[in-house]
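Structure file data-v2.pdb; described as PDB, C-alpha atoms, pLDDT in the B column.
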```
MODEL        1
ATOM      1  CA  MET A   1     286.734 133.023  45.808  1.00 81.00           C
ATOM      2  CA  ALA A   2     284.090 135.666  46.551  1.00 90.00           C
ATOM      3  CA  SER A   3     280.519 135.839  45.214  1.00 97.00           C
ATOM      4  CA  THR A   4     278.343 138.936  45.524  1.00 98.00           C
ATOM      5  CA  TRP A   5     275.198 140.468  44.104  1.00 98.00           C
ATOM      6  CA  GLU A   6     275.812 143.589  42.045  1.00 98.00           C
ATOM      7  CA  SER A   7     273.766 145.657  39.616  1.00 97.00           C
ATOM      8  CA  SER A   8     274.098 147.554  36.357  1.00 97.00           C
ATOM      9  CA  LYS A   9     271.879 150.129  34.707  1.00 95.00           C
ATOM     10  CA  VAL A  10     269.998 149.214  31.523  1.00 95.00           C
ATOM     11  CA  ASP A  11     267.530 151.690  30.032  1.00 92.00           C
ATOM     12  CA  GLY A  12     267.604 153.572  33.332  1.00 92.00           C
ATOM     13  CA  GLU A  13     266.681 150.548  35.462  1.00 90.00           C
ATOM     14  CA  ASP A  14     268.734 148.232  37.649  1.00 94.00           C
ATOM     15  CA  MET A  15     269.698 144.804  36.313  1.00 94.00           C
ATOM     16  CA  LYS A  16     270.842 142.356  38.977  1.00 96.00           C
ATOM     17  CA  LEU A  17     274.182 140.589  38.464  1.00 98.00           C
ATOM     18  CA  HIS A  18     275.685 137.571  40.210  1.00 98.00           C
ATOM     19  CA  LEU A  19     279.461 138.080  40.375  1.00 98.00           C
ATOM     20  CA  SER A  20     282.162 135.579  41.335  1.00 98.00           C
ATOM     21  CA  ILE A  21     285.838 136.543  41.543  1.00 98.00           C
ATOM     22  CA  PRO A  22     288.837 134.198  41.824  1.00 98.00           C
ATOM     23  CA  GLU A  23     291.214 134.318  44.742  1.00 96.00           C
ATOM     24  CA  GLY A  24     294.556 136.018  44.180  1.00 94.00           C
ATOM     25  CA  GLU A  25     295.662 139.090  42.322  1.00 91.00           C
ATOM     26  CA  GLY A  26     294.184 140.015  38.975  1.00 91.00           C
ATOM     27  CA  PRO A  27     293.463 141.195  36.497  1.00 96.00           C
ATOM     28  CA  PHE A  28     291.776 137.976  35.413  1.00 98.00           C
ATOM     29  CA  PRO A  29     290.076 136.898  32.195  1.00 98.00           C
ATOM     30  CA  ALA A  30     286.302 137.011  32.513  1.00 98.00           C
ATOM     31  CA  VAL A  31     283.157 135.263  31.297  1.00 98.00           C
ATOM     32  CA  VAL A  32     279.556 136.425  30.944  1.00 99.00           C
ATOM     33  CA  VAL A  33     277.190 133.619  32.000  1.00 98.00           C
ATOM     34  CA  ILE A  34     273.699 133.601  30.483  1.00 98.00           C
ATOM     35  CA  HIS A  35     271.071 131.701  32.439  1.00 96.00           C
ATOM     36  CA  HIS A  36     268.504 129.257  31.104  1.00 93.00           C
ATOM     37  CA  HIS A  37     264.771 129.968  30.883  1.00 85.00           C
ATOM     38  CA  TRP A  38     264.297 129.149  34.568  1.00 81.00           C
ATOM     39  CA  ALA A  39     266.052 132.439  35.350  1.00 85.00           C
ATOM     40  CA  LEU A  40     269.127 133.277  37.409  1.00 91.00           C
ATOM     41  CA  ASP A  41     268.800 130.377  39.823  1.00 91.00           C
ATOM     42  CA  GLY A  42     271.153 128.201  41.830  1.00 92.00           C
ATOM     43  CA  PHE A  43     272.471 126.403  38.755  1.00 94.00           C
ATOM     44  CA  THR A  44     273.605 129.621  37.087  1.00 96.00           C
ATOM     45  CA  GLN A  45     275.120 130.950  40.302  1.00 97.00           C
ATOM     46  CA  ASP A  46     277.026 127.688  40.640  1.00 96.00           C
ATOM     47  CA  VAL A  47     278.406 128.117  37.117  1.00 98.00           C
ATOM     48  CA  THR A  48     279.817 131.550  38.012  1.00 98.00           C
ATOM     49  CA  GLN A  49     281.480 130.025  41.071  1.00 98.00           C
ATOM     50  CA  ARG A  50     282.939 127.124  39.085  1.00 98.00           C
ATOM     51  CA  LEU A  51     284.386 129.567  36.580  1.00 98.00           C
ATOM     52  CA  ALA A  52     285.901 131.647  39.391  1.00 98.00           C
ATOM     53  CA  ALA A  53     287.479 128.499  40.806  1.00 98.00           C
ATOM     54  CA  ALA A  54     289.032 128.000  37.349  1.00 98.00           C
ATOM     55  CA  GLY A  55     290.521 131.498  37.332  1.00 98.00           C
ATOM     56  CA  TYR A  56     287.840 133.589  35.596  1.00 98.00           C
ATOM     57  CA  VAL A  57     285.818 136.489  36.881  1.00 98.00           C
ATOM     58  CA  ALA A  58     282.244 135.461  36.040  1.00 98.00           C
ATOM     59  CA  VAL A  59     279.125 137.585  35.951  1.00 98.00           C
ATOM     60  CA  ALA A  60     275.561 136.408  35.313  1.00 98.00           C
ATOM     61  CA  PRO A  61     273.037 139.124  34.415  1.00 98.00           C
ATOM     62  CA  ASP A  62     269.362 138.724  35.304  1.00 94.00           C
ATOM     63  CA  MET A  63     267.966 138.599  31.791  1.00 92.00           C
ATOM     64  CA  PHE A  64     264.389 138.783  33.102  1.00 89.00           C
ATOM     65  CA  HIS A  65     264.830 142.024  35.044  1.00 88.00           C
ATOM     66  CA  ARG A  66     262.238 143.771  32.896  1.00 85.00           C
ATOM     67  CA  ALA A  67     259.547 141.434  34.263  1.00 80.00           C
ATOM     68  CA  GLY A  68     259.827 143.046  37.709  1.00 67.00           C
ATOM     69  CA  PRO A  69     260.909 141.665  41.092  1.00 63.00           C
ATOM     70  CA  ASP A  70     257.938 139.349  41.649  1.00 65.00           C
ATOM     71  CA  TYR A  71     257.929 137.336  38.438  1.00 66.00           C
ATOM     72  CA  GLU A  72     257.586 133.569  38.559  1.00 64.00           C
ATOM     73  CA  PRO A  73     260.523 131.844  36.858  1.00 61.00           C
ATOM     74  CA  GLY A  74     259.756 129.375  34.119  1.00 58.00           C
ATOM     75  CA  PRO A  75     259.526 128.860  30.366  1.00 53.00           C
ATOM     76  CA  ALA A  76     256.907 131.594  29.985  1.00 49.00           C
ATOM     77  CA  ARG A  77     259.657 134.137  30.618  1.00 55.00           C
ATOM     78  CA  ALA A  78     261.138 133.312  27.231  1.00 51.00           C
ATOM     79  CA  ALA A  79     258.089 134.960  25.648  1.00 53.00           C
ATOM     80  CA  GLU A  80     259.269 138.296  27.091  1.00 63.00           C
ATOM     81  CA  TYR A  81     262.662 138.083  25.402  1.00 77.00           C
ATOM     82  CA  LEU A  82     263.355 140.473  22.551  1.00 90.00           C
ATOM     83  CA  ASP A  83     266.713 140.237  20.843  1.00 94.00           C
ATOM     84  CA  ALA A  84     267.179 144.011  20.909  1.00 94.00           C
ATOM     85  CA  ASN A  85     266.784 144.018  24.700  1.00 93.00           C
ATOM     86  CA  ILE A  86     268.930 140.912  25.082  1.00 95.00           C
ATOM     87  CA  ILE A  87     271.801 142.623  23.293  1.00 97.00           C
ATOM     88  CA  LYS A  88     271.439 145.683  25.546  1.00 96.00           C
ATOM     89  CA  ASP A  89     271.508 143.518  28.671  1.00 96.00           C
ATOM     90  CA  VAL A  90     274.572 141.532  27.643  1.00 98.00           C
ATOM     91  CA  ASN A  91     276.358 144.703  26.574  1.00 98.00           C
ATOM     92  CA  ALA A  92     275.675 146.127  30.036  1.00 98.00           C
ATOM     93  CA  ALA A  93     277.254 143.033  31.582  1.00 98.00           C
ATOM     94  CA  ILE A  94     280.247 143.443  29.259  1.00 98.00           C
ATOM     95  CA  GLU A  95     280.704 147.061  30.320  1.00 98.00           C
ATOM     96  CA  PHE A  96     280.411 146.046  33.974  1.00 98.00           C
ATOM     97  CA  LEU A  97     283.278 143.597  33.500  1.00 98.00           C
ATOM     98  CA  LYS A  98     285.403 145.998  31.494  1.00 98.00           C
ATOM     99  CA  SER A  99     285.165 148.605  34.259  1.00 98.00           C
ATOM    100  CA  HIS A 100     285.922 146.117  37.071  1.00 98.00           C
ATOM    101  CA  ALA A 101     289.389 146.361  38.601  1.00 97.00           C
ATOM    102  CA  SER A 102     289.772 142.566  38.711  1.00 97.00           C
ATOM    103  CA  VAL A 103     289.129 142.073  34.981  1.00 98.00           C
ATOM    104  CA  ASP A 104     291.418 142.107  31.974  1.00 97.00           C
ATOM    105  CA  ALA A 105     289.005 143.698  29.506  1.00 97.00           C
ATOM    106  CA  THR A 106     290.873 142.234  26.536  1.00 96.00           C
ATOM    107  CA  ARG A 107     290.080 138.639  27.578  1.00 98.00           C
ATOM    108  CA  LEU A 108     286.326 138.001  27.681  1.00 98.00           C
ATOM    109  CA  GLY A 109     284.198 134.964  26.904  1.00 98.00           C
ATOM    110  CA  ILE A 110     280.523 134.083  27.072  1.00 99.00           C
ATOM    111  CA  VAL A 111     278.694 130.877  27.989  1.00 99.00           C
ATOM    112  CA  GLY A 112     274.975 130.174  27.999  1.00 98.00           C
ATOM    113  CA  PHE A 113     272.563 127.326  28.626  1.00 97.00           C
ATOM    114  CA  CYS A 114     269.265 126.574  26.845  1.00 94.00           C
ATOM    115  CA  SER A 115     267.873 129.979  25.833  1.00 93.00           C
ATOM    116  CA  GLY A 116     271.169 131.303  27.179  1.00 96.00           C
ATOM    117  CA  GLY A 117     273.000 129.110  24.685  1.00 98.00           C
ATOM    118  CA  ARG A 118     271.031 130.778  21.939  1.00 97.00           C
ATOM    119  CA  ILE A 119     272.030 134.146  23.376  1.00 97.00           C
ATOM    120  CA  ALA A 120     275.702 133.159  23.484  1.00 98.00           C
ATOM    121  CA  TYR A 121     275.463 132.277  19.781  1.00 98.00           C
ATOM    122  CA  LEU A 122     273.670 135.575  19.074  1.00 98.00           C
ATOM    123  CA  MET A 123     276.258 137.633  20.958  1.00 98.00           C
ATOM    124  CA  ALA A 124     279.118 135.975  19.087  1.00 98.00           C
ATOM    125  CA  SER A 125     277.899 137.993  16.110  1.00 98.00           C
ATOM    126  CA  ALA A 126     276.442 141.027  17.930  1.00 98.00           C
ATOM    127  CA  SER A 127     279.580 141.906  19.908  1.00 98.00           C
ATOM    128  CA  ARG A 128     283.277 142.135  19.145  1.00 98.00           C
ATOM    129  CA  SER A 129     284.201 141.937  22.826  1.00 98.00           C
ATOM    130  CA  PHE A 130     284.318 138.153  23.096  1.00 98.00           C
ATOM    131  CA  SER A 131     287.271 135.914  22.331  1.00 98.00           C
ATOM    132  CA  ALA A 132     285.138 132.739  22.585  1.00 98.00           C
ATOM    133  CA  ALA A 133     281.512 131.655  22.989  1.00 98.00           C
ATOM    134  CA  ALA A 134     280.167 128.414  24.474  1.00 99.00           C
ATOM    135  CA  ALA A 135     276.584 127.460  23.629  1.00 98.00           C
ATOM    136  CA  TYR A 136     274.973 124.632  25.590  1.00 98.00           C
ATOM    137  CA  TYR A 137     271.901 123.094  23.889  1.00 98.00           C
ATOM    138  CA  PRO A 138     271.001 126.406  22.180  1.00 98.00           C
ATOM    139  CA  GLY A 139     267.328 125.998  21.350  1.00 95.00           C
ATOM    140  CA  HIS A 140     265.451 128.346  18.994  1.00 94.00           C
ATOM    141  CA  THR A 141     268.672 129.397  17.261  1.00 97.00           C
ATOM    142  CA  MET A 142     266.823 129.504  13.938  1.00 97.00           C
ATOM    143  CA  VAL A 143     264.095 131.810  15.318  1.00 94.00           C
ATOM    144  CA  ALA A 144     264.180 135.593  15.800  1.00 94.00           C
ATOM    145  CA  TRP A 145     262.782 137.005  19.035  1.00 92.00           C
ATOM    146  CA  GLY A 146     261.256 140.290  17.973  1.00 91.00           C
ATOM    147  CA  THR A 147     262.479 142.090  14.889  1.00 89.00           C
ATOM    148  CA  GLY A 148     265.723 141.337  13.116  1.00 91.00           C
ATOM    149  CA  ASP A 149     267.428 138.155  12.007  1.00 97.00           C
ATOM    150  CA  PRO A 150     267.628 134.930  14.007  1.00 97.00           C
ATOM    151  CA  PRO A 151     271.056 134.021  15.419  1.00 98.00           C
ATOM    152  CA  PHE A 152     271.491 131.289  12.799  1.00 98.00           C
ATOM    153  CA  ASP A 153     271.190 133.817   9.968  1.00 98.00           C
ATOM    154  CA  LEU A 154     273.834 135.980  11.636  1.00 98.00           C
ATOM    155  CA  THR A 155     276.442 133.218  11.500  1.00 98.00           C
ATOM    156  CA  PRO A 156     278.495 135.036   8.801  1.00 98.00           C
ATOM    157  CA  LYS A 157     279.011 137.898  11.286  1.00 98.00           C
ATOM    158  CA  ILE A 158     280.331 135.727  14.133  1.00 98.00           C
ATOM    159  CA  ASN A 159     283.511 137.305  15.507  1.00 97.00           C
ATOM    160  CA  CYS A 160     284.982 134.567  17.714  1.00 98.00           C
ATOM    161  CA  PRO A 161     285.438 130.799  18.013  1.00 98.00           C
ATOM    162  CA  VAL A 162     282.301 128.921  19.077  1.00 98.00           C
ATOM    163  CA  ILE A 163     281.939 125.640  20.948  1.00 98.00           C
ATOM    164  CA  GLY A 164     278.557 123.877  21.060  1.00 98.00           C
ATOM    165  CA  PHE A 165     277.223 121.104  23.290  1.00 98.00           C
ATOM    166  CA  TYR A 166     274.166 119.042  22.417  1.00 98.00           C
ATOM    167  CA  GLY A 167     272.153 116.183  23.826  1.00 98.00           C
ATOM    168  CA  GLY A 168     271.716 113.331  21.391  1.00 98.00           C
ATOM    169  CA  ASP A 169     268.146 112.871  22.654  1.00 97.00           C
ATOM    170  CA  ASP A 170     267.275 116.582  22.646  1.00 97.00           C
ATOM    171  CA  GLU A 171     264.413 117.872  20.518  1.00 96.00           C
ATOM    172  CA  ASN A 172     265.252 121.586  20.660  1.00 96.00           C
ATOM    173  CA  PRO A 173     267.948 121.781  19.444  1.00 98.00           C
ATOM    174  CA  SER A 174     267.580 118.442  17.728  1.00 98.00           C
ATOM    175  CA  PRO A 175     270.463 116.463  16.209  1.00 98.00           C
ATOM    176  CA  GLU A 176     269.297 117.834  12.859  1.00 98.00           C
ATOM    177  CA  ASP A 177     269.586 121.375  14.235  1.00 98.00           C
ATOM    178  CA  GLN A 178     273.119 120.641  15.388  1.00 98.00           C
ATOM    179  CA  LYS A 179     274.070 119.436  11.913  1.00 98.00           C
ATOM    180  CA  LYS A 180     272.637 122.603  10.353  1.00 98.00           C
ATOM    181  CA  ILE A 181     274.457 124.867  12.804  1.00 98.00           C
ATOM    182  CA  ASP A 182     277.760 123.035  12.369  1.00 98.00           C
ATOM    183  CA  ALA A 183     277.417 123.104   8.576  1.00 98.00           C
ATOM    184  CA  GLU A 184     276.660 126.831   8.599  1.00 98.00           C
ATOM    185  CA  LEU A 185     279.670 127.574  10.791  1.00 98.00           C
ATOM    186  CA  ASP A 186     281.862 125.490   8.503  1.00 98.00           C
ATOM    187  CA  ARG A 187     280.420 127.113   5.387  1.00 98.00           C
ATOM    188  CA  HIS A 188     281.483 130.502   6.680  1.00 98.00           C
ATOM    189  CA  ARG A 189     284.834 129.151   7.894  1.00 98.00           C
ATOM    190  CA  LYS A 190     284.235 129.961  11.523  1.00 98.00           C
ATOM    191  CA  VAL A 191     286.443 128.345  14.160  1.00 98.00           C
ATOM    192  CA  ARG A 192     284.221 125.905  16.006  1.00 98.00           C
ATOM    193  CA  GLU A 193     283.996 122.737  18.045  1.00 98.00           C
ATOM    194  CA  SER A 194     280.818 120.695  18.467  1.00 98.00           C
ATOM    195  CA  TYR A 195     279.942 117.771  20.730  1.00 98.00           C
ATOM    196  CA  SER A 196     276.872 115.577  21.068  1.00 98.00           C
ATOM    197  CA  TYR A 197     276.232 113.163  23.942  1.00 98.00           C
ATOM    198  CA  PRO A 198     274.199 110.015  23.236  1.00 98.00           C
ATOM    199  CA  GLY A 199     271.642 109.287  25.919  1.00 96.00           C
ATOM    200  CA  ALA A 200     271.584 112.902  27.078  1.00 96.00           C
ATOM    201  CA  GLY A 201     268.732 115.294  26.484  1.00 95.00           C
ATOM    202  CA  HIS A 202     268.143 118.971  27.098  1.00 95.00           C
ATOM    203  CA  ALA A 203     269.609 120.447  30.301  1.00 94.00           C
ATOM    204  CA  PHE A 204     272.004 117.549  30.832  1.00 95.00           C
ATOM    205  CA  MET A 205     274.368 119.919  32.700  1.00 95.00           C
ATOM    206  CA  ASN A 206     271.882 120.925  35.370  1.00 92.00           C
ATOM    207  CA  GLN A 207     272.481 118.982  38.574  1.00 86.00           C
ATOM    208  CA  ILE A 208     271.042 121.640  40.895  1.00 80.00           C
ATOM    209  CA  THR A 209     267.565 122.709  39.800  1.00 61.00           C
ATOM    210  CA  GLU A 210     265.156 120.491  41.720  1.00 56.00           C
ATOM    211  CA  ARG A 211     262.645 120.293  38.891  1.00 59.00           C
ATOM    212  CA  ASN A 212     265.245 118.832  36.555  1.00 64.00           C
ATOM    213  CA  ASN A 213     265.854 115.082  36.310  1.00 82.00           C
ATOM    214  CA  ARG A 214     267.843 115.191  33.079  1.00 88.00           C
ATOM    215  CA  TYR A 215     271.319 115.583  34.542  1.00 93.00           C
ATOM    216  CA  ARG A 216     273.848 113.208  32.994  1.00 95.00           C
ATOM    217  CA  HIS A 217     277.054 113.099  35.005  1.00 95.00           C
ATOM    218  CA  GLU A 218     279.509 111.806  32.407  1.00 97.00           C
ATOM    219  CA  ALA A 219     278.257 114.164  29.701  1.00 97.00           C
ATOM    220  CA  ALA A 220     278.285 117.114  32.089  1.00 97.00           C
ATOM    221  CA  GLN A 221     281.814 116.402  33.289  1.00 98.00           C
ATOM    222  CA  ASP A 222     283.156 115.998  29.770  1.00 98.00           C
ATOM    223  CA  ALA A 223     281.417 119.122  28.462  1.00 98.00           C
ATOM    224  CA  TRP A 224     282.658 121.259  31.340  1.00 98.00           C
ATOM    225  CA  ALA A 225     286.242 120.081  30.878  1.00 98.00           C
ATOM    226  CA  LYS A 226     286.010 120.900  27.171  1.00 98.00           C
ATOM    227  CA  THR A 227     284.534 124.325  27.960  1.00 98.00           C
ATOM    228  CA  LEU A 228     287.391 125.226  30.277  1.00 98.00           C
ATOM    229  CA  ALA A 229     289.961 123.972  27.764  1.00 98.00           C
ATOM    230  CA  PHE A 230     288.293 126.069  25.040  1.00 98.00           C
ATOM    231  CA  PHE A 231     288.288 129.195  27.201  1.00 98.00           C
ATOM    232  CA  ASP A 232     291.858 128.559  28.331  1.00 98.00           C
ATOM    233  CA  LYS A 233     292.916 128.402  24.681  1.00 97.00           C
ATOM    234  CA  HIS A 234     290.958 131.331  23.291  1.00 98.00           C
ATOM    235  CA  VAL A 235     290.245 133.618  26.255  1.00 98.00           C
ATOM    236  CA  ALA A 236     292.811 133.134  29.023  1.00 96.00           C
ATOM    237  CA  LYS A 237     295.829 133.006  26.745  1.00 85.00           C
ATOM    238  CA  LEU A 238     298.105 136.015  26.920  1.00 56.00           C
ATOM    239  CA  VAL A 239     297.831 138.399  23.993  1.00 47.00           C
ATOM    240  CA  ILE A 240     301.605 138.887  23.964  1.00 39.00           C
ATOM    241  CA  GLY A 241     303.939 135.959  24.222  1.00 38.00           C
ATOM    242  CA  SER A 242     301.143 133.394  24.260  1.00 37.00           C
ATOM    243  CA  GLY A 243     302.731 131.268  21.564  1.00 35.00           C
TER     244      GLY A 243
ENDMDL
END
```

Show the structure stored in the file as structure tokens.
Amino acid sequence: MASTWESSKVDGEDMKLHLSIPEGEGPFPAVVVIHHHWALDGFTQDVTQRLAAAGYVAVAPDMFHRAGPDYEPGPARAAEYLDANIIKDVNAAIEFLKSHASVDATRLGIVGFCSGGRIAYLMASASRSFSAAAAYYPGHTMVAWGTGDPPFDLTPKINCPVIGFYGGDDENPSPEDQKKIDAELDRHRKVRESYSYPGAGHAFMNQITERNNRYRHEAAQDAWAKTLAFFDKHVAKLVIGSG
């Protein structure tokens, strides 16, 4: 497995990408990884490497590249998000994967955490490139960032199966938010799976970021296994002869 730093152009400027590629001969299925509001840190880089170990090319775009090279990571960065720019950035990551020699461009997924979970849900409707989307504790799903509709209101336009992971003790998204999201997906007959973990709060997957003390091992292990199974079913499967 190899991990490198790459870049892609968005609106004429460089956007940094963390890329991890499996060992062996491709082309491989691929996943776009969207970081949480603490930016493209060690946790997100670790996710790309875990996906590569599972047989996926994984790329994580720096969604805060417009803030400049010296920004301080943290929740305040979320205030700089605009959905129109988010869609441009993720589309640039998609095009990077589609043009990469190691990638099977017909087999793409997306996973995101926290604000990245919201973005994964948004991109399930904004792009037709994905065969599956995984949204971990997707806060602010009912809120638009900038002009346009919030991701929740775009549920009828979702183009791929969605899997969601929630902390039973989370406040954003709350258990009530999860119920609303699940009901909306069901109302529009979208293929979905949804899991909530009692005793877990927001960021229960994050075992790396030093500032985080909310990691819950059992929940994290179960959610990751379910994520890989979901991607194996909807993304990695062969288009022809997959059964």

Quiz prompt | Distance in Å - CA of Pro173 in chain A versus CA of Trp145 in chain A | solution = 16.1 Å

Practice problem: Tell me, in Å to one decimal, how far CA of Val103 in chain A is from CA of Pro29 in chain A. | Solution: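 So the two atoms, CA of Val103 in chain A and CA of Pro29 in chain A, lie 6.0 Å apart.
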
Quiz prompt | Reference answer for the PyMOL selection byres ((chain A and resi 158-172) around 6), as a PyMOL selection string | solution = chain A and resi 124-125+131-137+139+155-157+173-174+191-202

Quiz item: Hey, can you check how far CA of Met142 in chain A sits from CA of Phe130 in chain A?
Solution: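 About the pair CA of Met142 in chain A and CA of Phe130 in chain A: they are 21.6 Å apart.
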
Quiz item: Expanded to explicit residues, what is the PyMOL selection byres ((chain A and resi 57) around 6) for this file, as a PyMOL selection string?
Solution: chain A and resi 20-21+30+52+56+58

Quiz item: Looking at only C-alpha atoms, which of A:Asn91, A:Asn206, A:Thr106, A:Ser7 is the one that sits closest to Met123 in chain A?
Solution: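 Looking only at the distances to Met123 in chain A, the closest residue turns out to be A:Asn91.
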
Exercise. Identify all residues satisfying the PyMOL selection byres ((chain A and resi 62) around 12) in the given file; provide them as a ChimeraX atom specification.
Key: /A:5-10,14-19,32-41,44-45,59-61,63-69,71,73,77,81,86,89-90,92-93,116

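Each of A:Lys233, A:Phe43, A:Asn85, A:Val143 was compared to Tyr215 in chain A using only C-alpha atoms, and A:Phe43 turns out to be the nearest.
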
Self-check item: Nearest-residue call for Ile181 in chain A, choices A:His100, A:Ala203, A:Pro138, A:Glu218, using all atoms listed in the file
Solution: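 With all atoms listed in the file as the atom set, the closest residue is A:Pro138.
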
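With distances restricted to all atoms listed in the file, A:Val31 is the closest residue to Phe96 in chain A from A:Gly112, A:Asp177, A:Gly117, A:Val31.
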
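Remark: for Leu51 in chain A, the closest of the candidate residues A:Lys88, A:Ser129, A:Gly12, A:Phe231 is A:Phe231 (distances computed over all atoms listed in the file).
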
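If you measure from each of A:Pro22, A:Ala54, A:His140, A:Ala236 to Gln178 in chain A using all atoms listed in the file, the closest one turns out to be A:His140.
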
Edge lengths and centre, in Å to one decimal, as JSON: that's what I need for the box along x, y and z that holds all listed atoms of range 79-88 of chain A plus 4 Å on each side.
```
{"center_x": 264.9, "center_y": 140.3, "center_z": 24.0, "size_x": 21.7, "size_y": 18.7, "size_z": 14.2}
```
